[in-house]
>>> print(open('start.pdb').read())   # PDB, C-alpha atoms and all ligand atoms
ATOM      1  CA  MET A   1      20.968   1.039  20.001  1.00  0.00           C
ATOM      2  CA  SER A   2      22.502   1.342  16.600  1.00  0.00           C
ATOM      3  CA  PHE A   3      20.951   1.206  13.174  1.00  0.00           C
ATOM      4  CA  GLU A   4      24.300  -0.076  11.924  1.00  0.00           C
ATOM      5  CA  LYS A   5      23.693  -3.395  13.685  1.00  0.00           C
ATOM      6  CA  TYR A   6      20.111  -3.528  12.359  1.00  0.00           C
ATOM      7  CA  TYR A   7      21.266  -3.002   8.774  1.00  0.00           C
ATOM      8  CA  THR A   8      24.040  -5.563   9.139  1.00  0.00           C
ATOM      9  CA  VAL A   9      21.601  -8.173  10.396  1.00  0.00           C
ATOM     10  CA  PHE A  10      18.826  -7.508   7.883  1.00  0.00           C
ATOM     11  CA  LYS A  11      20.086  -8.167   4.368  1.00  0.00           C
ATOM     12  CA  ALA A  12      16.991  -6.518   2.880  1.00  0.00           C
ATOM     13  CA  TYR A  13      18.859  -3.247   3.460  1.00  0.00           C
ATOM     14  CA  SER A  14      22.532  -4.156   3.304  1.00  0.00           C
ATOM     15  CA  ASP A  15      23.075  -6.749   0.582  1.00  0.00           C
ATOM     16  CA  ILE A  16      21.811  -5.892  -2.898  1.00  0.00           C
ATOM     17  CA  TYR A  17      22.344  -9.521  -3.976  1.00  0.00           C
ATOM     18  CA  SER A  18      20.175 -11.005  -1.197  1.00  0.00           C
ATOM     19  CA  ASN A  19      16.705 -12.331  -1.984  1.00  0.00           C
ATOM     20  CA  GLU A  20      15.224  -9.893   0.544  1.00  0.00           C
ATOM     21  CA  TYR A  21      16.762  -6.858  -1.214  1.00  0.00           C
ATOM     22  CA  LYS A  22      15.838  -8.201  -4.653  1.00  0.00           C
ATOM     23  CA  LYS A  23      12.254  -8.622  -3.468  1.00  0.00           C
ATOM     24  CA  ARG A  24      12.053  -4.922  -2.551  1.00  0.00           C
ATOM     25  CA  ILE A  25      13.422  -3.991  -5.963  1.00  0.00           C
ATOM     26  CA  LYS A  26      10.997  -6.306  -7.752  1.00  0.00           C
ATOM     27  CA  THR A  27       8.051  -4.705  -5.942  1.00  0.00           C
ATOM     28  CA  LEU A  28       9.087  -1.131  -6.689  1.00  0.00           C
ATOM     29  CA  GLU A  29      10.623  -1.378 -10.180  1.00  0.00           C
ATOM     30  CA  PRO A  30       7.321  -1.347 -12.135  1.00  0.00           C
ATOM     31  CA  LEU A  31       6.048   1.607 -10.107  1.00  0.00           C
ATOM     32  CA  LEU A  32       9.245   3.591 -10.586  1.00  0.00           C
ATOM     33  CA  LEU A  33       9.125   2.883 -14.318  1.00  0.00           C
ATOM     34  CA  LYS A  34       5.492   3.978 -14.490  1.00  0.00           C
ATOM     35  CA  HIS A  35       5.948   7.240 -12.599  1.00  0.00           C
ATOM     36  CA  MET A  36       9.455   8.244 -13.672  1.00  0.00           C
ATOM     37  CA  THR A  37       8.999   9.295 -17.279  1.00  0.00           C
ATOM     38  CA  PRO A  38      10.859  10.786 -19.028  1.00  0.00           C
ATOM     39  CA  ARG A  39      14.395   9.824 -17.936  1.00  0.00           C
ATOM     40  CA  GLY A  40      16.326  12.543 -16.072  1.00  0.00           C
ATOM     41  CA  LYS A  41      18.538  13.373 -13.138  1.00  0.00           C
ATOM     42  CA  VAL A  42      17.694  11.554  -9.887  1.00  0.00           C
ATOM     43  CA  LEU A  43      18.693  12.051  -6.287  1.00  0.00           C
ATOM     44  CA  ASP A  44      18.483   8.794  -4.308  1.00  0.00           C
ATOM     45  CA  LEU A  45      17.984  10.316  -0.859  1.00  0.00           C
ATOM     46  CA  ALA A  46      19.158   8.154   2.077  1.00  0.00           C
ATOM     47  CA  CYS A  47      20.397   5.688  -0.536  1.00  0.00           C
ATOM     48  CA  GLY A  48      21.790   3.096   1.896  1.00  0.00           C
ATOM     49  CA  VAL A  49      23.887   0.565   0.005  1.00  0.00           C
ATOM     50  CA  GLY A  50      22.545   1.867  -3.304  1.00  0.00           C
ATOM     51  CA  GLY A  51      20.375  -0.906  -4.792  1.00  0.00           C
ATOM     52  CA  PHE A  52      17.798   1.556  -6.115  1.00  0.00           C
ATOM     53  CA  SER A  53      20.517   3.844  -7.483  1.00  0.00           C
ATOM     54  CA  PHE A  54      21.939   0.966  -9.519  1.00  0.00           C
ATOM     55  CA  LEU A  55      18.470  -0.015 -10.725  1.00  0.00           C
ATOM     56  CA  LEU A  56      17.734   3.501 -11.969  1.00  0.00           C
ATOM     57  CA  GLU A  57      21.156   3.819 -13.558  1.00  0.00           C
ATOM     58  CA  ASP A  58      20.514   0.564 -15.436  1.00  0.00           C
ATOM     59  CA  LEU A  59      17.185   2.002 -16.570  1.00  0.00           C
ATOM     60  CA  GLY A  60      18.943   5.035 -18.075  1.00  0.00           C
ATOM     61  CA  PHE A  61      18.756   7.677 -15.335  1.00  0.00           C
ATOM     62  CA  ASP A  62      21.597   9.927 -14.263  1.00  0.00           C
ATOM     63  CA  VAL A  63      21.878   9.167 -10.525  1.00  0.00           C
ATOM     64  CA  VAL A  64      23.398  10.951  -7.538  1.00  0.00           C
ATOM     65  CA  ALA A  65      23.006   9.131  -4.218  1.00  0.00           C
ATOM     66  CA  LEU A  66      23.309  10.578  -0.719  1.00  0.00           C
ATOM     67  CA  ASP A  67      23.491   8.962   2.710  1.00  0.00           C
ATOM     68  CA  SER A  68      24.796  10.054   6.098  1.00  0.00           C
ATOM     69  CA  SER A  69      26.295   6.689   7.077  1.00  0.00           C
ATOM     70  CA  GLU A  70      29.905   6.014   6.159  1.00  0.00           C
ATOM     71  CA  SER A  71      29.448   2.259   6.579  1.00  0.00           C
ATOM     72  CA  MET A  72      26.437   2.149   4.217  1.00  0.00           C
ATOM     73  CA  LEU A  73      28.318   4.296   1.686  1.00  0.00           C
ATOM     74  CA  GLU A  74      31.365   2.061   1.939  1.00  0.00           C
ATOM     75  CA  LYS A  75      29.216  -0.947   1.001  1.00  0.00           C
ATOM     76  CA  ALA A  76      27.514   1.061  -1.773  1.00  0.00           C
ATOM     77  CA  ARG A  77      30.885   2.027  -3.265  1.00  0.00           C
ATOM     78  CA  LYS A  78      32.005  -1.618  -3.181  1.00  0.00           C
ATOM     79  CA  PHE A  79      28.853  -2.702  -5.004  1.00  0.00           C
ATOM     80  CA  ALA A  80      29.386   0.173  -7.466  1.00  0.00           C
ATOM     81  CA  LYS A  81      32.890  -1.063  -8.220  1.00  0.00           C
ATOM     82  CA  ASP A  82      31.598  -4.629  -8.824  1.00  0.00           C
ATOM     83  CA  LYS A  83      28.954  -3.304 -11.159  1.00  0.00           C
ATOM     84  CA  MET A  84      31.212  -0.755 -12.878  1.00  0.00           C
ATOM     85  CA  SER A  85      28.596   1.831 -11.925  1.00  0.00           C
ATOM     86  CA  ARG A  86      28.992   5.569 -12.463  1.00  0.00           C
ATOM     87  CA  VAL A  87      26.605   6.531  -9.655  1.00  0.00           C
ATOM     88  CA  GLU A  88      28.068   9.325  -7.555  1.00  0.00           C
ATOM     89  CA  PHE A  89      27.789   8.469  -3.835  1.00  0.00           C
ATOM     90  CA  VAL A  90      27.854  11.537  -1.599  1.00  0.00           C
ATOM     91  CA  LYS A  91      28.124  11.634   2.182  1.00  0.00           C
ATOM     92  CA  GLY A  92      25.652  14.174   3.552  1.00  0.00           C
ATOM     93  CA  ASN A  93      22.638  14.962   5.657  1.00  0.00           C
ATOM     94  CA  ALA A  94      19.161  14.845   4.126  1.00  0.00           C
ATOM     95  CA  GLU A  95      18.350  17.934   6.222  1.00  0.00           C
ATOM     96  CA  ASN A  96      21.005  20.026   4.523  1.00  0.00           C
ATOM     97  CA  LEU A  97      21.426  18.873   0.943  1.00  0.00           C
ATOM     98  CA  PRO A  98      24.687  19.888  -0.746  1.00  0.00           C
ATOM     99  CA  PHE A  99      22.941  20.648  -4.051  1.00  0.00           C
ATOM    100  CA  GLU A 100      21.779  23.787  -5.845  1.00  0.00           C
ATOM    101  CA  ASP A 101      18.085  24.700  -6.067  1.00  0.00           C
ATOM    102  CA  ASN A 102      16.230  23.041  -8.982  1.00  0.00           C
ATOM    103  CA  SER A 103      18.900  20.384  -9.608  1.00  0.00           C
ATOM    104  CA  PHE A 104      16.856  17.191 -10.078  1.00  0.00           C
ATOM    105  CA  GLU A 105      13.922  15.863 -12.097  1.00  0.00           C
ATOM    106  CA  TYR A 106      13.354  13.224  -9.403  1.00  0.00           C
ATOM    107  CA  VAL A 107      14.093  12.591  -5.735  1.00  0.00           C
ATOM    108  CA  ILE A 108      13.423   9.072  -4.472  1.00  0.00           C
ATOM    109  CA  PHE A 109      13.151   8.470  -0.711  1.00  0.00           C
ATOM    110  CA  ILE A 110      12.686   4.806   0.019  1.00  0.00           C
ATOM    111  CA  ASP A 111      12.024   3.137   3.338  1.00  0.00           C
ATOM    112  CA  SER A 112      13.801   5.758   5.436  1.00  0.00           C
ATOM    113  CA  LEU A 113      11.184   7.685   7.459  1.00  0.00           C
ATOM    114  CA  VAL A 114      11.907   5.792  10.699  1.00  0.00           C
ATOM    115  CA  HIS A 115      15.174   7.714  11.024  1.00  0.00           C
ATOM    116  CA  PHE A 116      13.510  11.132  11.237  1.00  0.00           C
ATOM    117  CA  GLU A 117      11.659  12.953  14.006  1.00  0.00           C
ATOM    118  CA  PRO A 118       8.856  15.283  12.877  1.00  0.00           C
ATOM    119  CA  ALA A 119      10.936  18.493  12.954  1.00  0.00           C
ATOM    120  CA  GLU A 120      13.709  16.740  11.023  1.00  0.00           C
ATOM    121  CA  LEU A 121      11.376  15.307   8.382  1.00  0.00           C
ATOM    122  CA  ASN A 122       9.887  18.761   7.923  1.00  0.00           C
ATOM    123  CA  VAL A 123      13.339  20.054   6.978  1.00  0.00           C
ATOM    124  CA  VAL A 124      14.016  17.018   4.750  1.00  0.00           C
ATOM    125  CA  PHE A 125      10.794  17.651   2.804  1.00  0.00           C
ATOM    126  CA  LYS A 126      11.631  21.363   2.512  1.00  0.00           C
ATOM    127  CA  GLU A 127      15.115  20.548   1.209  1.00  0.00           C
ATOM    128  CA  THR A 128      13.697  17.979  -1.202  1.00  0.00           C
ATOM    129  CA  ALA A 129      11.283  20.534  -2.663  1.00  0.00           C
ATOM    130  CA  ARG A 130      14.146  23.029  -2.979  1.00  0.00           C
ATOM    131  CA  VAL A 131      16.443  20.731  -4.991  1.00  0.00           C
ATOM    132  CA  LEU A 132      13.654  19.468  -7.266  1.00  0.00           C
ATOM    133  CA  LYS A 133      12.994  21.291 -10.526  1.00  0.00           C
ATOM    134  CA  PRO A 134       9.536  22.807 -10.948  1.00  0.00           C
ATOM    135  CA  GLY A 135       7.344  19.949 -12.211  1.00  0.00           C
ATOM    136  CA  GLY A 136       9.838  17.403 -10.817  1.00  0.00           C
ATOM    137  CA  LYS A 137       8.685  14.412  -8.835  1.00  0.00           C
ATOM    138  CA  PHE A 138       9.264  13.284  -5.273  1.00  0.00           C
ATOM    139  CA  ILE A 139       8.837   9.511  -4.995  1.00  0.00           C
ATOM    140  CA  LEU A 140       8.208   8.379  -1.436  1.00  0.00           C
ATOM    141  CA  GLN A 141       7.871   4.843  -0.128  1.00  0.00           C
ATOM    142  CA  PHE A 142       7.294   4.116   3.540  1.00  0.00           C
ATOM    143  CA  THR A 143       5.886   1.642   6.000  1.00  0.00           C
ATOM    144  CA  ASP A 144       2.983   2.886   8.078  1.00  0.00           C
ATOM    145  CA  LEU A 145       4.472   1.998  11.437  1.00  0.00           C
ATOM    146  CA  ARG A 146       1.417   3.364  13.238  1.00  0.00           C
ATOM    147  CA  GLU A 147      -0.684   0.716  11.492  1.00  0.00           C
ATOM    148  CA  LEU A 148       1.977  -1.941  11.935  1.00  0.00           C
ATOM    149  CA  LEU A 149       2.525  -1.394  15.688  1.00  0.00           C
ATOM    150  CA  PRO A 150      -0.396  -3.545  16.878  1.00  0.00           C
ATOM    151  CA  VAL A 151       0.786  -6.345  14.586  1.00  0.00           C
ATOM    152  CA  LEU A 152       4.307  -6.101  15.976  1.00  0.00           C
ATOM    153  CA  MET A 153       2.977  -6.018  19.509  1.00  0.00           C
ATOM    154  CA  SER A 154       1.116  -9.247  18.894  1.00  0.00           C
ATOM    155  CA  GLY A 155       4.572 -10.833  18.399  1.00  0.00           C
ATOM    156  CA  GLN A 156       5.612 -11.472  14.829  1.00  0.00           C
ATOM    157  CA  VAL A 157       8.764 -13.249  13.663  1.00  0.00           C
ATOM    158  CA  VAL A 158      10.695 -10.973  11.312  1.00  0.00           C
ATOM    159  CA  GLY A 159      13.452 -13.089   9.880  1.00  0.00           C
ATOM    160  CA  THR A 160      14.964 -16.511   9.753  1.00  0.00           C
ATOM    161  CA  GLU A 161      17.539 -15.692  12.412  1.00  0.00           C
ATOM    162  CA  TYR A 162      16.097 -12.846  14.510  1.00  0.00           C
ATOM    163  CA  TRP A 163      12.645 -12.307  15.957  1.00  0.00           C
ATOM    164  CA  ILE A 164      11.019  -9.421  17.782  1.00  0.00           C
ATOM    165  CA  SER A 165      11.150 -10.029  21.498  1.00  0.00           C
ATOM    166  CA  ARG A 166       9.859  -6.693  22.828  1.00  0.00           C
ATOM    167  CA  VAL A 167       7.961  -3.720  21.417  1.00  0.00           C
ATOM    168  CA  LEU A 168       8.077  -0.668  23.664  1.00  0.00           C
ATOM    169  CA  PRO A 169       6.261   2.415  22.332  1.00  0.00           C
ATOM    170  CA  ASP A 170       6.536   5.704  24.221  1.00  0.00           C
ATOM    171  CA  PRO A 171       3.214   6.824  25.768  1.00  0.00           C
ATOM    172  CA  GLU A 172       2.366   9.039  22.779  1.00  0.00           C
ATOM    173  CA  GLU A 173       3.521   6.386  20.274  1.00  0.00           C
ATOM    174  CA  LYS A 174       5.802   8.883  18.533  1.00  0.00           C
ATOM    175  CA  THR A 175       8.682   6.450  18.806  1.00  0.00           C
ATOM    176  CA  VAL A 176       8.995   2.769  19.520  1.00  0.00           C
ATOM    177  CA  VAL A 177      11.908   0.736  20.806  1.00  0.00           C
ATOM    178  CA  ILE A 178      11.973  -2.707  19.218  1.00  0.00           C
ATOM    179  CA  GLU A 179      14.102  -5.482  20.639  1.00  0.00           C
ATOM    180  CA  PHE A 180      15.401  -8.088  18.201  1.00  0.00           C
ATOM    181  CA  GLN A 181      16.481 -11.446  19.539  1.00  0.00           C
ATOM    182  CA  SER A 182      18.353 -14.415  18.091  1.00  0.00           C
ATOM    183  CA  GLU A 183      19.585 -17.651  19.692  1.00  0.00           C
ATOM    184  CA  ASN A 184      22.623 -15.890  21.157  1.00  0.00           C
ATOM    185  CA  ASP A 185      22.256 -12.163  20.571  1.00  0.00           C
ATOM    186  CA  HIS A 186      19.851  -9.300  21.090  1.00  0.00           C
ATOM    187  CA  PHE A 187      19.767  -5.592  20.335  1.00  0.00           C
ATOM    188  CA  ARG A 188      17.320  -2.680  20.509  1.00  0.00           C
ATOM    189  CA  ILE A 189      16.530   0.068  18.030  1.00  0.00           C
ATOM    190  CA  ARG A 190      14.414   3.196  18.469  1.00  0.00           C
ATOM    191  CA  PHE A 191      12.258   3.920  15.417  1.00  0.00           C
ATOM    192  CA  ASN A 192      10.236   7.052  14.732  1.00  0.00           C
ATOM    193  CA  VAL A 193       6.606   6.087  14.223  1.00  0.00           C
ATOM    194  CA  TRP A 194       5.115   7.544  11.042  1.00  0.00           C
ATOM    195  CA  GLY A 195       1.544   6.971   9.929  1.00  0.00           C
ATOM    196  CA  ARG A 196       0.190   7.843   6.513  1.00  0.00           C
ATOM    197  CA  THR A 197      -1.891  10.793   7.735  1.00  0.00           C
ATOM    198  CA  ALA A 198       1.031  12.498   9.462  1.00  0.00           C
ATOM    199  CA  VAL A 199       3.277  11.974   6.429  1.00  0.00           C
ATOM    200  CA  GLU A 200       0.678  13.443   4.099  1.00  0.00           C
ATOM    201  CA  LEU A 201       0.010  16.456   6.336  1.00  0.00           C
ATOM    202  CA  LEU A 202       3.696  17.279   6.446  1.00  0.00           C
ATOM    203  CA  ALA A 203       4.198  16.689   2.718  1.00  0.00           C
ATOM    204  CA  LYS A 204       1.272  19.023   1.985  1.00  0.00           C
ATOM    205  CA  LEU A 205       3.354  21.968   3.212  1.00  0.00           C
ATOM    206  CA  TYR A 206       5.733  21.660   0.263  1.00  0.00           C
ATOM    207  CA  PHE A 207       4.146  19.323  -2.298  1.00  0.00           C
ATOM    208  CA  ARG A 208       1.026  18.457  -4.224  1.00  0.00           C
ATOM    209  CA  GLN A 209       0.214  14.758  -4.190  1.00  0.00           C
ATOM    210  CA  LEU A 210      -0.001  13.177  -7.645  1.00  0.00           C
ATOM    211  CA  HIS A 211      -0.448   9.555  -6.683  1.00  0.00           C
ATOM    212  CA  SER A 212      -0.769   7.245  -3.675  1.00  0.00           C
ATOM    213  CA  GLU A 213      -1.173   3.509  -3.509  1.00  0.00           C
ATOM    214  CA  LYS A 214      -0.946   0.810  -0.904  1.00  0.00           C
ATOM    215  CA  LEU A 215       1.800  -1.667  -1.766  1.00  0.00           C
ATOM    216  CA  ASN A 216       0.967  -4.276   0.807  1.00  0.00           C
ATOM    217  CA  GLU A 217      -0.801  -4.270   4.124  1.00  0.00           C
ATOM    218  CA  HIS A 218       1.306  -1.533   5.732  1.00  0.00           C
ATOM    219  CA  SER A 219       3.378   0.088   3.017  1.00  0.00           C
ATOM    220  CA  TYR A 220       2.678   3.039   0.728  1.00  0.00           C
ATOM    221  CA  PHE A 221       4.070   4.305  -2.572  1.00  0.00           C
ATOM    222  CA  GLN A 222       3.405   7.989  -3.184  1.00  0.00           C
ATOM    223  CA  VAL A 223       4.324  10.566  -5.816  1.00  0.00           C
ATOM    224  CA  TYR A 224       4.446  14.310  -5.158  1.00  0.00           C
ATOM    225  CA  THR A 225       5.404  17.419  -7.101  1.00  0.00           C
ATOM    226  CA  PRO A 226       6.804  20.548  -5.439  1.00  0.00           C
ATOM    227  CA  LYS A 227       4.527  23.560  -5.012  1.00  0.00           C
ATOM    228  CA  LYS A 228       6.592  25.985  -7.080  1.00  0.00           C
TER     229      LYS A 228
HETATM  230  C1  LIG A 301      16.391   1.655   5.648  1.00  0.00           C
HETATM  231  S1  LIG A 301      17.777   2.475   4.943  1.00  0.00           S
HETATM  232  C2  LIG A 301      17.094   2.642   3.319  1.00  0.00           C
HETATM  233  C3  LIG A 301      18.158   2.791   2.291  1.00  0.00           C
HETATM  234  C4  LIG A 301      17.675   2.770   0.849  1.00  0.00           C
HETATM  235  N1  LIG A 301      16.806   3.898   0.550  1.00  0.00           N
HETATM  236  C5  LIG A 301      17.011   1.460   0.511  1.00  0.00           C
HETATM  237  O1  LIG A 301      15.771   1.450   0.337  1.00  0.00           O
HETATM  238  O2  LIG A 301      17.704   0.453   0.455  1.00  0.00           O
HETATM  239  C6  LIG A 301      17.704   4.132   5.598  1.00  0.00           C
HETATM  240  C7  LIG A 301      18.943   4.944   5.291  1.00  0.00           C
HETATM  241  O3  LIG A 301      18.757   6.284   5.761  1.00  0.00           O
HETATM  242  C8  LIG A 301      20.034   6.779   6.087  1.00  0.00           C
HETATM  243  N2  LIG A 301      19.890   8.013   6.869  1.00  0.00           N
HETATM  244  C9  LIG A 301      19.456   8.136   8.136  1.00  0.00           C
HETATM  245  N3  LIG A 301      19.464   9.430   8.523  1.00  0.00           N
HETATM  246  C10 LIG A 301      19.923  10.150   7.457  1.00  0.00           C
HETATM  247  C11 LIG A 301      20.166  11.536   7.235  1.00  0.00           C
HETATM  248  N4  LIG A 301      19.916  12.467   8.169  1.00  0.00           N
HETATM  249  N5  LIG A 301      20.640  11.922   6.034  1.00  0.00           N
HETATM  250  C12 LIG A 301      20.897  10.999   5.066  1.00  0.00           C
HETATM  251  N6  LIG A 301      20.692   9.682   5.225  1.00  0.00           N
HETATM  252  C13 LIG A 301      20.215   9.254   6.408  1.00  0.00           C
HETATM  253  C14 LIG A 301      20.660   5.619   6.827  1.00  0.00           C
HETATM  254  O4  LIG A 301      22.071   5.749   6.931  1.00  0.00           O
HETATM  255  C15 LIG A 301      20.215   4.435   5.961  1.00  0.00           C
HETATM  256  O5  LIG A 301      21.173   4.111   4.999  1.00  0.00           O
END
>>> encode(input="start.pdb", output="structure tokens")
Amino acid sequence: MSFEKYYTVFKAYSDIYSNEYKKRIKTLEPLLLKHMTPRGKVLDLACGVGGFSFLLEDLGFDVVALDSSESMLEKARKFAKDKMSRVEFVKGNAENLPFEDNSFEYVIFIDSLVHFEPAELNVVFKETARVLKPGGKFILQFTDLRELLPVLMSGQVVGTEYWISRVLPDPEEKTVVIEFQSENDHFRIRFNVWGRTAVELLAKLYFRQLHSEKLNEHSYFQVYTPKK
């Protein structure tokens, strides 16, 4: 059960030149532009292979990007070399950020909630608020997996090559194991199940919400500012 396999298979997260990745950027770019004024220093938290870091750098932001996965960072650094990017990619844990208090105007946290259990996300939000400057913005995008679960359970094809063959939530639906199947391969991943209400309740401990909108049926774009 490794996320590494999942990210290798799904180009939407591992190949910034793929149509799937470009589609995510195209959806979010206008929203980032609208809510990230003026330009400033950004932390791309759980940056993956860095597509959003490169986008923001191209738009004139000063970007530091952090991820805990060496293989994702390796890909990000390769893309950075191709693009002659100056983004600084840092290996680290979102629960223990290696940055001073009040370091950033913005923290973006895109599509990464499934990795974190409630106690962990609590610490991530606390750390995020700590490293943001007063008046800074926390930009959060996530899929409401609680809403999506029934859709997944009704059996939906997720890609050209792989489809979902089993959806196994735990009895309390706090996590779900999803089995992906192709013609000659299969693998399982355990995701943490986050719904909008739970995310907002947790965020409320450290932030004031400035904006929330539904991006598509099950995905949200939200902007917060730290309570300090
Ligand atoms: C779905 S990817 C999203 C990456 C990127 N934000 C994007 O939208 O392309 C989630 C990322 O979270 C990272 N991650 C998981 N747990 C983490 C942690 N504790 N600290 C930092 N990064 C973490 C994973 O390595 C992975 O690259």
>>> resolve_selection(input="start.pdb", expression="the PyMOL selection byres (((not hetatm)) within 10 of (chain A and resi 301))", output="number ranges by chain")
A: 3-4, 6-7, 10-16, 21, 24-25, 44-53, 65-73, 76, 90-97, 108-116, 120-121, 124, 140-142
>>> closest_residue(input="start.pdb", among="A:Val87, A:Leu43, A:Ile164, A:Leu148", to="Asn102 of chain A", atoms="all atoms listed in the file")
A:Leu43
>>> closest_residue(input="start.pdb", among="A:Arg146, A:Arg208, A:His186, A:Lys133", to="Val42 of chain A", atoms="all atoms listed in the file")
A:Lys133
>>> atom_distance(input="start.pdb", atom1="atom CA of Ile139 of chain A", atom2="atom CA of Asn192 of chain A")
19.9 Å
>>> closest_residue(input="start.pdb", among="A:Asn19, A:Thr128, A:Ser165, A:Asn122", to="Glu200 of chain A", atoms="only C-alpha atoms")
A:Asn122
>>> closest_residue(input="start.pdb", among="A:Glu57, A:Glu179, A:Asp82, A:Glu217", to="Ser2 of chain A", atoms="only C-alpha atoms")
A:Glu179
>>> resolve_selection(input="start.pdb", expression="the PyMOL selection byres (((chain A and resi 143) around 6) and not hetatm)", output="ChimeraX atom specification")
/A:142,144-145,218-219
>>> residues_around(input="start.pdb", residues="segment 32-41 of chain A", least_positions_apart="6", cutoff="8 Å", atoms="only C-alpha atoms", output="count of residues only")
11
>>> closest_residue(input="start.pdb", among="A:Val131, A:Val199, A:Leu205, A:Leu152", to="Gln222 of chain A", atoms="only C-alpha atoms")
A:Val199
>>> closest_residue(input="start.pdb", among="A:Leu215, A:Ile189, A:Leu210, A:Leu28", to="Gly136 of chain A", atoms="only C-alpha atoms")
A:Leu210
>>> atom_distance(input="start.pdb", atom1="atom CA of Gly135 of chain A", atom2="atom CA of Glu213 of chain A")
20.5 Å
>>> resolve_selection(input="start.pdb", expression="the PyMOL selection byres (((chain A and resi 176) around 8) and not hetatm)", output="list in words")
Val167, Leu168, Pro169, Asp170, Glu173, Lys174, Thr175, Val177, Ile178, Arg190, Phe191, Asn192 and Val193 of chain A
>>> atom_distance(input="start.pdb", atom1="atom CA of Lys227 of chain A", atom2="atom CA of Val107 of chain A")
14.6 Å
>>> axis_aligned_box(input="start.pdb", around="segment 91-100 of chain A", padding_each_side="4 Å", output="AutoDock Vina command-line options")
--center_x 23.2 --center_y 17.7 --center_z 0.2 --size_x 17.8 --size_y 20.2 --size_z 20.1
